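One file, target.txt, is given below (compact mmCIF, C-alpha atoms).
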```
# COMPACT_ATOMS: atom_id res chain seq x y z
CA MET A 1 -0.86 11.37 50.89
CA SER A 2 2.38 13.27 51.37
CA PRO A 3 3.31 15.93 48.76
CA GLY A 4 6.25 13.77 47.63
CA LYS A 5 4.07 10.75 46.99
CA LYS A 6 1.49 12.89 45.22
CA ARG A 7 4.14 14.29 42.86
CA ALA A 8 5.54 10.82 42.19
CA ALA A 9 2.04 9.62 41.32
CA ILE A 10 1.54 12.56 38.95
CA ILE A 11 4.87 11.79 37.23
CA CYS A 12 3.91 8.10 36.84
CA VAL A 13 0.58 9.09 35.27
CA LEU A 14 2.35 11.55 32.95
CA ILE A 15 4.83 8.88 31.83
CA VAL A 16 2.03 6.45 30.98
CA ALA A 17 -0.03 9.16 29.28
CA GLY A 18 2.97 10.45 27.32
CA MET A 19 4.02 7.02 26.09
CA THR A 20 0.45 6.15 25.12
CA ALA A 21 0.08 9.43 23.25
CA GLY A 22 3.40 8.79 21.46
CA TRP A 23 2.31 5.28 20.51
CA LEU A 24 -1.02 6.55 19.20
CA THR A 25 0.61 9.39 17.28
CA PHE A 26 3.04 7.01 15.58
CA ASN A 27 0.32 4.56 14.62
CA LEU A 28 -2.13 7.14 13.35
CA GLY A 29 0.69 9.01 11.63
CA LEU A 30 1.83 5.86 9.87
CA ASP A 31 -1.70 5.14 8.70
CA PHE A 32 -1.91 8.67 7.33
CA LEU A 33 1.49 8.48 5.64
CA LEU A 34 0.53 5.30 3.83
CA GLY A 35 -2.96 6.48 3.02
CA GLY A 36 -1.96 9.97 2.02
CA ARG A 37 -4.32 12.88 2.05
CA THR A 38 -6.59 11.40 -0.61
CA PHE A 39 -7.89 8.90 1.89
CA GLY A 40 -7.31 11.02 4.96
CA MET B 41 10.62 23.86 44.46
CA LYS B 42 8.18 26.45 43.19
CA LYS B 43 4.89 25.58 41.53
CA ALA B 44 6.09 26.81 38.13
CA ALA B 45 9.17 24.62 38.31
CA TRP B 46 7.05 21.55 39.08
CA GLY B 47 4.81 22.46 36.13
CA ALA B 48 7.85 22.63 33.86
CA LEU B 49 9.10 19.31 35.19
CA TYR B 50 5.72 17.66 34.59
CA THR B 51 5.67 19.03 31.03
CA LEU B 52 9.19 17.76 30.44
CA VAL B 53 8.29 14.30 31.78
CA PHE B 54 5.25 14.14 29.48
CA LEU B 55 7.21 15.26 26.42
CA LEU B 56 10.04 12.83 27.11
CA SER B 57 7.57 9.99 27.58
CA PHE B 58 5.81 11.00 24.37
CA GLY B 59 9.14 10.86 22.51
CA ILE B 60 9.99 7.48 24.03
CA GLY B 61 6.52 6.21 23.03
CA VAL B 62 7.08 7.33 19.43
CA ALA B 63 10.61 5.89 19.34
CA LEU B 64 9.76 2.52 20.90
CA THR B 65 6.74 1.75 18.72
CA PRO B 66 8.63 1.02 15.47
CA MET B 67 11.19 -1.02 17.40
CA PHE B 68 8.50 -3.50 18.38
CA ALA B 69 6.46 -3.28 15.18
CA GLU B 70 6.82 -5.60 12.22
CA GLY B 71 7.79 -4.20 8.83
CA PHE B 72 4.90 -3.37 6.51
CA GLY B 73 3.65 -6.62 5.04
CA GLY B 74 5.69 -8.59 7.54
CA LEU B 75 8.65 -8.86 5.21
CA GLY B 76 11.87 -9.02 7.16
CA LYS B 77 14.68 -6.58 6.52
CA VAL B 78 17.57 -8.12 4.61
CA ASP B 79 21.19 -7.35 5.40
CA TRP B 80 21.94 -6.44 1.82
CA ASN B 81 25.50 -6.55 0.53
CA GLU B 82 27.15 -6.44 -2.85
CA ALA B 83 27.58 -10.21 -2.95
CA MET B 84 23.77 -10.53 -3.05
CA GLY B 85 23.34 -8.36 -6.11
CA THR B 86 23.33 -4.85 -7.49
CA VAL B 87 20.88 -1.97 -7.39
CA GLU B 88 20.36 0.50 -10.21
CA THR B 89 18.25 3.53 -9.39
CA ASP B 90 16.34 6.15 -11.36
CA ILE B 91 16.11 4.38 -14.69
CA ALA B 92 13.70 6.37 -16.86
CA TYR B 93 10.62 4.86 -18.48
CA GLY B 94 9.10 8.12 -19.69
CA SER B 95 9.70 11.84 -19.94
CA GLY B 96 8.02 12.90 -16.69
CA PRO B 97 10.06 13.61 -13.57
CA LEU B 98 8.47 10.65 -11.77
CA HIS B 99 8.71 8.23 -14.67
CA LYS B 100 11.56 6.31 -13.08
CA PHE B 101 12.17 2.88 -11.60
CA ASP B 102 14.76 1.13 -9.48
CA LEU B 103 16.05 -2.30 -10.40
CA TYR B 104 17.33 -4.86 -7.90
CA LEU B 105 19.39 -7.47 -9.71
CA PRO B 106 20.38 -10.68 -7.87
CA ALA B 107 23.92 -11.95 -8.22
CA ASP B 108 22.78 -15.24 -9.80
CA ARG B 109 21.80 -13.98 -13.24
CA VAL B 110 21.03 -17.40 -14.71
CA ARG B 111 18.53 -18.33 -11.99
CA ALA B 112 16.86 -14.92 -11.91
CA THR B 113 14.28 -15.42 -14.63
CA LYS B 114 11.32 -14.16 -12.63
CA LEU B 115 10.39 -10.58 -11.82
CA VAL B 116 8.59 -9.04 -8.85
CA VAL B 117 7.39 -5.46 -9.27
CA TYR B 118 6.34 -3.60 -6.12
CA ILE B 119 4.43 -0.31 -6.26
CA HIS B 120 4.66 2.21 -3.44
CA ALA B 121 1.92 3.53 -1.14
CA GLY B 122 0.93 7.12 -0.51
CA GLY B 123 -2.75 7.63 -1.26
CA PHE B 124 -2.01 8.52 -4.92
CA THR B 125 -0.65 11.82 -3.63
CA GLY B 126 2.67 10.88 -2.05
CA GLY B 127 5.28 8.22 -1.44
CA ASP B 128 8.31 7.17 -3.40
CA LYS B 129 9.82 3.99 -4.81
CA ALA B 130 12.70 4.33 -2.36
CA ASP B 131 10.20 3.75 0.49
CA ASP B 132 10.09 0.09 -0.53
CA GLU B 133 13.80 -0.50 -0.84
CA ASP B 134 13.74 -3.13 1.93
CA ILE B 135 10.84 -4.99 0.33
CA ALA B 136 12.59 -5.05 -3.06
CA LYS B 137 15.80 -6.26 -1.45
CA TYR B 138 13.83 -9.00 0.28
CA PHE B 139 12.60 -10.30 -3.09
CA ALA B 140 16.02 -9.90 -4.71
CA SER B 141 17.62 -11.79 -1.82
CA LYS B 142 15.37 -14.72 -2.73
CA GLY B 143 16.71 -14.69 -6.28
CA TYR B 144 14.05 -12.61 -8.04
CA VAL B 145 14.70 -9.60 -10.20
CA ALA B 146 12.84 -6.92 -8.23
CA ALA B 147 11.74 -3.45 -9.22
CA THR B 148 10.00 -0.49 -7.65
CA LEU B 149 8.64 2.37 -9.71
CA ASN B 150 7.37 5.87 -9.32
CA TYR B 151 4.29 7.24 -11.02
CA SER B 152 2.80 10.72 -11.33
CA LEU B 153 1.07 11.87 -8.16
CA ARG B 154 -2.19 13.73 -7.74
CA ARG B 155 -1.74 17.38 -6.84
CA ASP B 156 -4.23 20.23 -6.51
CA ALA B 157 -2.65 21.84 -9.55
CA ASN B 158 -2.77 18.82 -11.88
CA ASP B 159 -5.37 16.43 -13.22
CA VAL B 160 -3.42 13.25 -12.55
CA ASN B 161 -5.81 10.47 -11.60
CA VAL B 162 -5.82 6.73 -10.96
CA LYS B 163 -6.43 6.04 -14.67
CA THR B 164 -3.34 7.98 -15.77
CA MET B 165 -1.29 6.41 -12.98
CA SER B 166 -2.32 2.90 -14.00
CA ASP B 167 -1.38 3.67 -17.61
CA GLU B 168 2.04 4.80 -16.40
CA VAL B 169 2.48 1.59 -14.43
CA ARG B 170 1.74 -0.38 -17.61
CA ARG B 171 4.45 1.52 -19.48
CA GLY B 172 6.80 1.23 -16.51
CA VAL B 173 6.46 -2.54 -16.29
CA ALA B 174 7.23 -2.91 -19.99
CA ALA B 175 10.37 -0.80 -19.52
CA ILE B 176 11.38 -2.81 -16.43
CA VAL B 177 11.22 -6.11 -18.33
CA GLU B 178 13.18 -4.60 -21.20
CA ALA B 179 15.81 -3.18 -18.84
CA ALA B 180 16.21 -6.51 -17.04
CA ARG B 181 16.62 -8.39 -20.31
CA SER B 182 19.11 -5.85 -21.65
CA ARG B 183 21.22 -6.53 -18.56
CA GLY B 184 21.23 -10.27 -19.21
CA TYR B 185 18.33 -11.24 -16.92
CA LEU B 186 16.03 -13.24 -19.16
CA VAL B 187 12.78 -12.59 -17.32
CA ASP B 188 9.92 -14.81 -18.52
CA ALA B 189 7.22 -14.32 -15.85
CA MET B 190 6.32 -11.87 -13.12
CA ALA B 191 4.30 -11.08 -10.05
CA ILE B 192 3.14 -7.60 -9.17
CA GLY B 193 2.31 -6.19 -5.78
CA GLY B 194 1.99 -3.01 -3.82
CA GLY B 195 0.87 -1.30 -0.67
CA SER B 196 -2.25 0.84 -0.35
CA ALA B 197 -2.47 2.93 -3.54
CA GLY B 198 0.27 0.70 -4.94
CA GLY B 199 -1.84 -2.36 -4.13
CA THR B 200 -4.71 -0.91 -6.15
CA LEU B 201 -2.43 -0.13 -9.09
CA ALA B 202 -0.97 -3.65 -8.90
CA MET B 203 -4.47 -5.18 -9.04
CA ILE B 204 -5.50 -2.91 -11.93
CA TYR B 205 -2.42 -4.04 -13.83
CA ALA B 206 -3.02 -7.71 -13.05
CA TYR B 207 -6.72 -7.66 -13.89
CA ARG B 208 -6.84 -5.11 -16.72
CA ASP B 209 -3.44 -5.05 -18.40
CA ALA B 210 -2.03 -8.56 -17.90
CA GLU B 211 -3.05 -9.63 -21.40
CA ARG B 212 -0.79 -6.94 -22.82
CA ALA B 213 2.04 -7.58 -20.35
CA PRO B 214 5.45 -8.41 -21.84
CA VAL B 215 5.59 -11.55 -19.68
CA PRO B 216 2.78 -13.57 -18.03
CA VAL B 217 1.53 -12.19 -14.72
CA LYS B 218 1.45 -15.16 -12.36
CA ALA B 219 0.31 -13.56 -9.11
CA VAL B 220 -0.77 -10.28 -7.58
CA ILE B 221 -0.25 -9.17 -3.99
CA SER B 222 -2.15 -6.23 -2.59
CA LEU B 223 -1.56 -4.95 0.93
CA VAL B 224 -4.44 -2.70 2.03
CA GLY B 225 -5.08 -1.69 -1.58
CA PRO B 226 -8.62 -0.35 -2.08
CA ALA B 227 -10.41 -2.63 -4.54
CA SER B 228 -13.24 -0.24 -5.30
CA PHE B 229 -13.83 3.50 -5.31
CA ASP B 230 -17.58 3.28 -5.16
CA PRO B 231 -18.49 6.12 -2.76
CA ARG B 232 -21.25 4.00 -1.22
CA GLY B 233 -18.78 1.57 0.33
CA TRP B 234 -16.14 4.22 0.79
CA PHE B 235 -18.19 6.73 2.76
CA GLY B 236 -20.99 4.46 3.96
CA ILE B 237 -23.58 6.19 1.76
CA GLU B 238 -26.83 4.25 2.06
CA ASP B 239 -29.37 6.46 0.28
CA ASP B 240 -28.20 5.65 -3.28
CA PHE B 241 -27.30 9.32 -3.70
CA ALA B 242 -30.88 10.50 -3.16
CA SER B 243 -29.74 13.49 -1.11
CA ASP B 244 -27.98 16.37 -2.85
CA GLU B 245 -25.13 16.17 -0.37
CA SER B 246 -24.30 12.49 -0.92
CA ALA B 247 -24.71 12.79 -4.70
CA ALA B 248 -22.46 15.86 -4.89
CA SER B 249 -19.74 14.42 -2.67
CA GLY B 250 -19.90 11.10 -4.51
CA ALA B 251 -19.63 12.84 -7.88
CA ALA B 252 -16.64 14.88 -6.70
CA PHE B 253 -14.86 11.79 -5.41
CA VAL B 254 -15.42 9.79 -8.61
CA SER B 255 -14.36 12.78 -10.74
CA ILE B 256 -11.07 13.14 -8.87
CA MET B 257 -10.27 9.44 -9.02
CA THR B 258 -11.11 8.96 -12.69
CA GLY B 259 -10.37 12.37 -14.20
CA GLU B 260 -13.82 12.28 -15.80
CA GLN B 261 -16.47 14.93 -15.13
CA VAL B 262 -19.11 13.01 -13.22
CA THR B 263 -22.44 14.69 -12.49
CA VAL B 264 -25.01 14.27 -9.75
CA GLU B 265 -27.37 12.73 -12.32
CA MET B 266 -24.74 10.13 -13.25
CA MET B 267 -24.45 9.19 -9.59
CA ARG B 268 -28.21 8.71 -9.29
CA SER B 269 -28.58 6.73 -12.51
CA GLY B 270 -25.66 4.46 -11.68
CA GLN B 271 -23.76 5.57 -14.79
CA TYR B 272 -20.81 6.51 -12.60
CA GLN B 273 -20.03 2.81 -12.21
CA ASP B 274 -19.11 2.59 -15.92
CA VAL B 275 -16.76 5.53 -15.42
CA LEU B 276 -15.17 3.85 -12.41
CA LYS B 277 -14.77 0.43 -14.01
CA PRO B 278 -11.29 0.91 -15.59
CA ILE B 279 -9.87 1.67 -12.13
CA THR B 280 -11.96 -0.77 -10.10
CA PRO B 281 -10.12 -4.04 -9.44
CA THR B 282 -13.35 -5.73 -8.33
CA GLY B 283 -15.07 -4.85 -11.61
CA LEU B 284 -12.07 -5.78 -13.74
CA LEU B 285 -11.82 -9.34 -12.47
CA THR B 286 -12.22 -12.05 -15.09
CA PRO B 287 -11.99 -15.84 -14.67
CA GLY B 288 -8.44 -15.80 -16.06
CA ALA B 289 -7.12 -13.32 -13.50
CA PRO B 290 -3.91 -14.23 -11.66
CA PRO B 291 -3.96 -15.77 -8.18
CA THR B 292 -4.47 -12.99 -5.69
CA LEU B 293 -3.15 -12.45 -2.18
CA VAL B 294 -4.70 -9.56 -0.29
CA ALA B 295 -4.27 -8.23 3.23
CA PHE B 296 -6.49 -5.76 5.03
CA GLY B 297 -6.64 -4.06 8.40
CA ALA B 298 -10.03 -4.63 10.01
CA LEU B 299 -9.75 -1.26 11.77
CA ASP B 300 -8.66 0.62 8.65
CA LYS B 301 -10.20 4.09 8.68
CA VAL B 302 -8.03 5.44 5.87
CA ALA B 303 -9.16 3.05 3.14
CA PRO B 304 -12.13 1.26 4.72
CA PHE B 305 -12.08 -2.51 4.55
CA ALA B 306 -15.83 -2.38 3.80
CA ALA B 307 -15.06 -0.82 0.41
CA SER B 308 -13.06 -3.90 -0.60
CA THR B 309 -15.13 -6.81 0.66
CA GLY B 310 -16.73 -7.03 -2.80
CA LEU B 311 -13.34 -8.12 -4.14
CA LEU B 312 -13.37 -11.23 -1.98
CA GLN B 313 -16.85 -12.11 -3.21
CA ALA B 314 -15.80 -11.52 -6.82
CA LEU B 315 -12.69 -13.69 -6.39
CA ASP B 316 -14.91 -16.46 -5.01
CA ARG B 317 -17.44 -16.03 -7.80
CA GLN B 318 -14.80 -16.14 -10.55
CA ASP B 319 -13.11 -19.11 -8.89
CA ILE B 320 -9.74 -17.39 -8.81
CA PRO B 321 -7.20 -18.84 -6.38
CA HIS B 322 -6.88 -16.31 -3.61
CA ASP B 323 -6.09 -15.69 0.03
CA ALA B 324 -7.25 -12.81 2.19
CA LEU B 325 -5.54 -12.05 5.46
CA VAL B 326 -7.45 -9.69 7.71
CA PHE B 327 -5.41 -8.12 10.52
CA PRO B 328 -7.94 -7.81 13.36
CA ASN B 329 -6.17 -5.14 15.44
CA SER B 330 -4.54 -3.11 12.66
CA GLY B 331 -5.46 -0.06 10.69
CA HIS B 332 -4.06 0.92 7.32
CA ALA B 333 -0.43 0.29 8.32
CA LEU B 334 -0.99 -3.39 9.30
CA ASN B 335 1.37 -2.87 12.19
CA ARG B 336 -0.48 -4.12 15.26
CA ASP B 337 -0.74 -7.86 14.56
CA PRO B 338 2.72 -9.43 14.72
CA LYS B 339 1.38 -12.97 14.25
CA MET B 340 -0.56 -11.92 11.17
CA SER B 341 2.52 -10.11 9.82
CA HIS B 342 4.45 -13.34 10.14
CA ALA B 343 1.60 -15.27 8.51
CA LEU B 344 1.62 -12.78 5.63
CA GLU B 345 5.35 -13.17 5.10
CA VAL B 346 4.90 -16.96 5.01
CA LYS B 347 2.00 -16.58 2.59
CA ILE B 348 3.93 -14.24 0.28
CA ASP B 349 6.80 -16.73 0.16
CA ALA B 350 4.31 -19.53 -0.51
CA TYR B 351 2.70 -17.59 -3.36
CA LEU B 352 6.04 -16.90 -5.00
CA GLY B 353 7.14 -20.50 -4.49
CA ARG B 354 3.93 -21.86 -5.97
CA TYR B 355 3.08 -19.40 -8.74
CA LEU B 356 6.46 -17.89 -9.58
CA PRO B 357 8.99 -20.61 -8.80
CA LEU B 358 12.63 -20.13 -9.61
CA ASP B 359 14.37 -22.98 -11.41
```
Could you write out this file's structure as structure tokens?
Amino acid sequence: MSPGKKRAAIICVLIVAGMTAGWLTFNLGLDFLLGGRTFG
Amino acid sequence: MKKAAWGALYTLVFLLSFGIGVALTPMFAEGFGGLGKVDWNEAMGTVETDIAYGSGPLHKFDLYLPADRVRATKLVVYIHAGGFTGGDKADDEDIAKYFASKGYVAATLNYSLRRDANDVNVKTMSDEVRRGVAAIVEAARSRGYLVDAMAIGGGSAGGTLAMIYAYRDAERAPVPVKAVISLVGPASFDPRGWFGIEDDFASDESAASGAAFVSIMTGEQVTVEMMRSGQYQDVLKPITPTGLLTPGAPPTLVAFGALDKVAPFAASTGLLQALDRQDIPHDALVFPNSGHALNRDPKMSHALEVKIDAYLGRYLPLD
């Protein structure tokens, strides 16, 4: 694999990982906000 | 490009993607409880905020008054979420506007919140809700809205407080309580269901943690011995919707997230059995892919909105 293709693949993986992490953070954060620290 | 520059670029790509992931999620998620946002305008009604019902800083409610005063003889009170430690009545502005847009007088209220430095507990909060509801009815009537029946609902902690009001305080309510709606509201604080304790508090650890939990929730000093003898259940009863149910309780609509880790669904399954046993009209919507925020099942959110409308239409109809 050429260095250019390798870097493009890394960027694709990072985009997917970043968006997934953002989605998870929002969902878990929302659960926590509604539940508050009593139930956390 | 140097290695460090590529590293910085990769970091930037990840962070940007993370931000986009956070930003896009609410755009595709349904509102809590599936209730659609209303494009509120002055022709639909008026909103009065921060009306006091007591002397405490949080003893305040907001009133949403529909334009058609003659038709608006029914009240919907909605109590905010926040784990008894946070949240605000303003969080549910959209929900209250939704009810007001249908022609109901709607209200949201604040109640004292648990802090490390105070002894506020679910019992004191539920007593405040009782006083708040009385003040809400009085305020509506004094503004020419002749409220003669109500429904009460809430999310999470607010759902619990709504059920406590409906099952414990409805007999003393200023107007008949015709329905209760609880979205992810815990129906029991029994530590066994809450924390999955299976040894009936035989171990010192489970008994001590159970006693601490019950003490915080009730404001009563509960001991390890009380946990082991079962006496703690008497202490919990005034704040346990499941235990407060009587055959005359109002029709109940509940929604839960099957994957809820914040307020475990398992702690509330007893409510469904009790509703069956007491033959109380009820519906339970379980969101299979959602946690505490009920935000990962769009079809269920829509079904819940339909069901809420059906409950109001059936049990709290407007003339």
Neighbour list for segment 337-352 of chain B as a short mmCIF file (atom, residue, chain, number, x, y, z; two decimals) with C-alpha atoms, in the coordinates of the input, cut-off 10 Å, all atoms listed in the file, skip fewer than 6 positions in-chain:
```
data_model
loop_
_atom_site.label_atom_id
_atom_site.label_comp_id
_atom_site.auth_asym_id
_atom_site.auth_seq_id
_atom_site.Cartn_x
_atom_site.Cartn_y
_atom_site.Cartn_z
CA PHE B 68 8.50 -3.50 18.38
CA ALA B 69 6.46 -3.28 15.18
CA GLU B 70 6.82 -5.60 12.22
CA GLY B 71 7.79 -4.20 8.83
CA PHE B 72 4.90 -3.37 6.51
CA GLY B 73 3.65 -6.62 5.04
CA GLY B 74 5.69 -8.59 7.54
CA LEU B 75 8.65 -8.86 5.21
CA GLY B 76 11.87 -9.02 7.16
CA LYS B 114 11.32 -14.16 -12.63
CA VAL B 116 8.59 -9.04 -8.85
CA PHE B 139 12.60 -10.30 -3.09
CA LYS B 142 15.37 -14.72 -2.73
CA TYR B 144 14.05 -12.61 -8.04
CA MET B 190 6.32 -11.87 -13.12
CA ALA B 191 4.30 -11.08 -10.05
CA LYS B 218 1.45 -15.16 -12.36
CA ALA B 219 0.31 -13.56 -9.11
CA VAL B 220 -0.77 -10.28 -7.58
CA ILE B 221 -0.25 -9.17 -3.99
CA LEU B 223 -1.56 -4.95 0.93
CA PRO B 291 -3.96 -15.77 -8.18
CA THR B 292 -4.47 -12.99 -5.69
CA LEU B 293 -3.15 -12.45 -2.18
CA VAL B 294 -4.70 -9.56 -0.29
CA ALA B 295 -4.27 -8.23 3.23
CA GLY B 297 -6.64 -4.06 8.40
CA HIS B 322 -6.88 -16.31 -3.61
CA ASP B 323 -6.09 -15.69 0.03
CA ALA B 324 -7.25 -12.81 2.19
CA LEU B 325 -5.54 -12.05 5.46
CA VAL B 326 -7.45 -9.69 7.71
CA PHE B 327 -5.41 -8.12 10.52
CA PRO B 328 -7.94 -7.81 13.36
CA ASN B 329 -6.17 -5.14 15.44
CA SER B 330 -4.54 -3.11 12.66
CA GLY B 331 -5.46 -0.06 10.69
CA LEU B 358 12.63 -20.13 -9.61
#
```
Counting all atoms listed in the file, which residues in chain B sit no more than 10 Å from chain A? For each one, give the nearest pair of atoms and the distance in Å, sorted by chain then residue number, as a tab-separated table.
```
residue	atom	partner	partner_atom	distance
B:Trp46	CA	A:Arg7	CA	8.7
B:Leu49	CA	A:Ile11	CA	8.9
B:Tyr50	CA	A:Ile11	CA	6.5
B:Thr51	CA	A:Leu14	CA	8.4
B:Leu52	CA	A:Leu14	CA	9.6
B:Val53	CA	A:Ile15	CA	6.4
B:Phe54	CA	A:Gly18	CA	4.8
B:Leu55	CA	A:Gly18	CA	6.5
B:Leu56	CA	A:Gly18	CA	7.5
B:Ser57	CA	A:Gly18	CA	4.6
B:Phe58	CA	A:Gly18	CA	4.1
B:Gly59	CA	A:Gly22	CA	6.2
B:Ile60	CA	A:Met19	CA	6.3
B:Gly61	CA	A:Met19	CA	4.0
B:Val62	CA	A:Gly22	CA	4.4
B:Ala63	CA	A:Gly22	CA	8.1
B:Leu64	CA	A:Trp23	CA	8.0
B:Thr65	CA	A:Trp23	CA	5.9
B:Pro66	CA	A:Phe26	CA	8.2
B:Ala69	CA	A:Asn27	CA	10.0
B:His120	CA	A:Leu34	CA	8.9
B:Ala121	CA	A:Leu34	CA	5.5
B:Gly122	CA	A:Leu34	CA	4.7
B:Gly123	CA	A:Gly36	CA	4.1
B:Phe124	CA	A:Thr38	CA	6.9
B:Thr125	CA	A:Gly36	CA	6.1
B:Gly126	CA	A:Gly36	CA	6.2
B:Gly127	CA	A:Leu34	CA	7.7
B:Arg154	CA	A:Thr38	CA	8.7
B:Arg155	CA	A:Thr38	CA	9.9
B:Gly195	CA	A:Leu34	CA	8.0
B:Ser196	CA	A:Gly35	CA	6.6
B:Ala197	CA	A:Gly35	CA	7.5
B:Gly198	CA	A:Leu34	CA	9.9
B:Val224	CA	A:Gly35	CA	9.4
B:Gly225	CA	A:Gly35	CA	9.6
B:Trp234	CA	A:Phe39	CA	9.5
B:Phe253	CA	A:Thr38	CA	9.6
B:Ile256	CA	A:Thr38	CA	9.6
B:Met257	CA	A:Thr38	CA	9.4
B:Asp300	CA	A:Asp31	CA	8.3
B:Lys301	CA	A:Gly40	CA	8.4
B:Val302	CA	A:Phe39	CA	5.3
B:Ala303	CA	A:Phe39	CA	6.1
B:Pro304	CA	A:Phe39	CA	9.2
B:Ser330	CA	A:Asn27	CA	9.3
B:Gly331	CA	A:Asp31	CA	6.7
B:His332	CA	A:Asp31	CA	5.0
B:Ala333	CA	A:Asp31	CA	5.0
B:Leu334	CA	A:Asp31	CA	8.6
B:Asn335	CA	A:Asn27	CA	7.9
B:Arg336	CA	A:Asn27	CA	8.7
```
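One finds atom CA of Ala247 of chain B at 5.3 Å from atom CA of Val264 of chain B.
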Which residue is closest to Val160 of chain B? Choose from B:Asp274, B:Glu260, B:Asp132, B:Asp359 and count all atoms listed in the file.
B:Glu260
Work out how far apart atom CA of Val187 of chain B and atom CA of Val117 of chain B are and give it in Å to one decimal.
12.0 Å
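Nearest residue to Ala146 of chain B, choosing from B:Asp167, B:Asp102, B:Asp79, B:Asp240 and counting all atoms listed in the file: B:Asp102.
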Of the candidates B:Ile135, B:Leu356, B:Phe241, B:Val162, which one gets nearest to Ala112 of chain B if we count only C-alpha atoms?
B:Leu356
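What separates atom CA of Leu312 of chain B from atom CA of Ala202 of chain B is a distance of 16.1 Å.
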Once you add 4 Å to each side, what are the centre and edge lengths of the axis-aligned box holding all listed atoms of segment 4-10 of chain A? One decimal in Å, as lines of an AutoDock Vina configuration file, if you can.
```
center_x = 3.9
center_y = 12.0
center_z = 43.3
size_x = 12.8
size_y = 12.7
size_z = 16.7
```
Which residues, written as a PDB file with C-alpha atoms, keeping the file's coordinate frame, have at least one atom at most 9 Å from Gln318 of chain B, with only C-alpha atoms counted and residues fewer than 4 positions away on the same chain left out?
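Writing the result to result-v1.pdb gives the following:
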```
ATOM      1  CA  LEU B 285     -11.820  -9.340 -12.470  1.00  0.00           C
ATOM      2  CA  THR B 286     -12.220 -12.050 -15.090  1.00  0.00           C
ATOM      3  CA  PRO B 287     -11.990 -15.840 -14.670  1.00  0.00           C
ATOM      4  CA  GLY B 288      -8.440 -15.800 -16.060  1.00  0.00           C
ATOM      5  CA  ALA B 289      -7.120 -13.320 -13.500  1.00  0.00           C
ATOM      6  CA  GLN B 313     -16.850 -12.110  -3.210  1.00  0.00           C
ATOM      7  CA  ALA B 314     -15.800 -11.520  -6.820  1.00  0.00           C
TER       8      ALA B 314
END
```
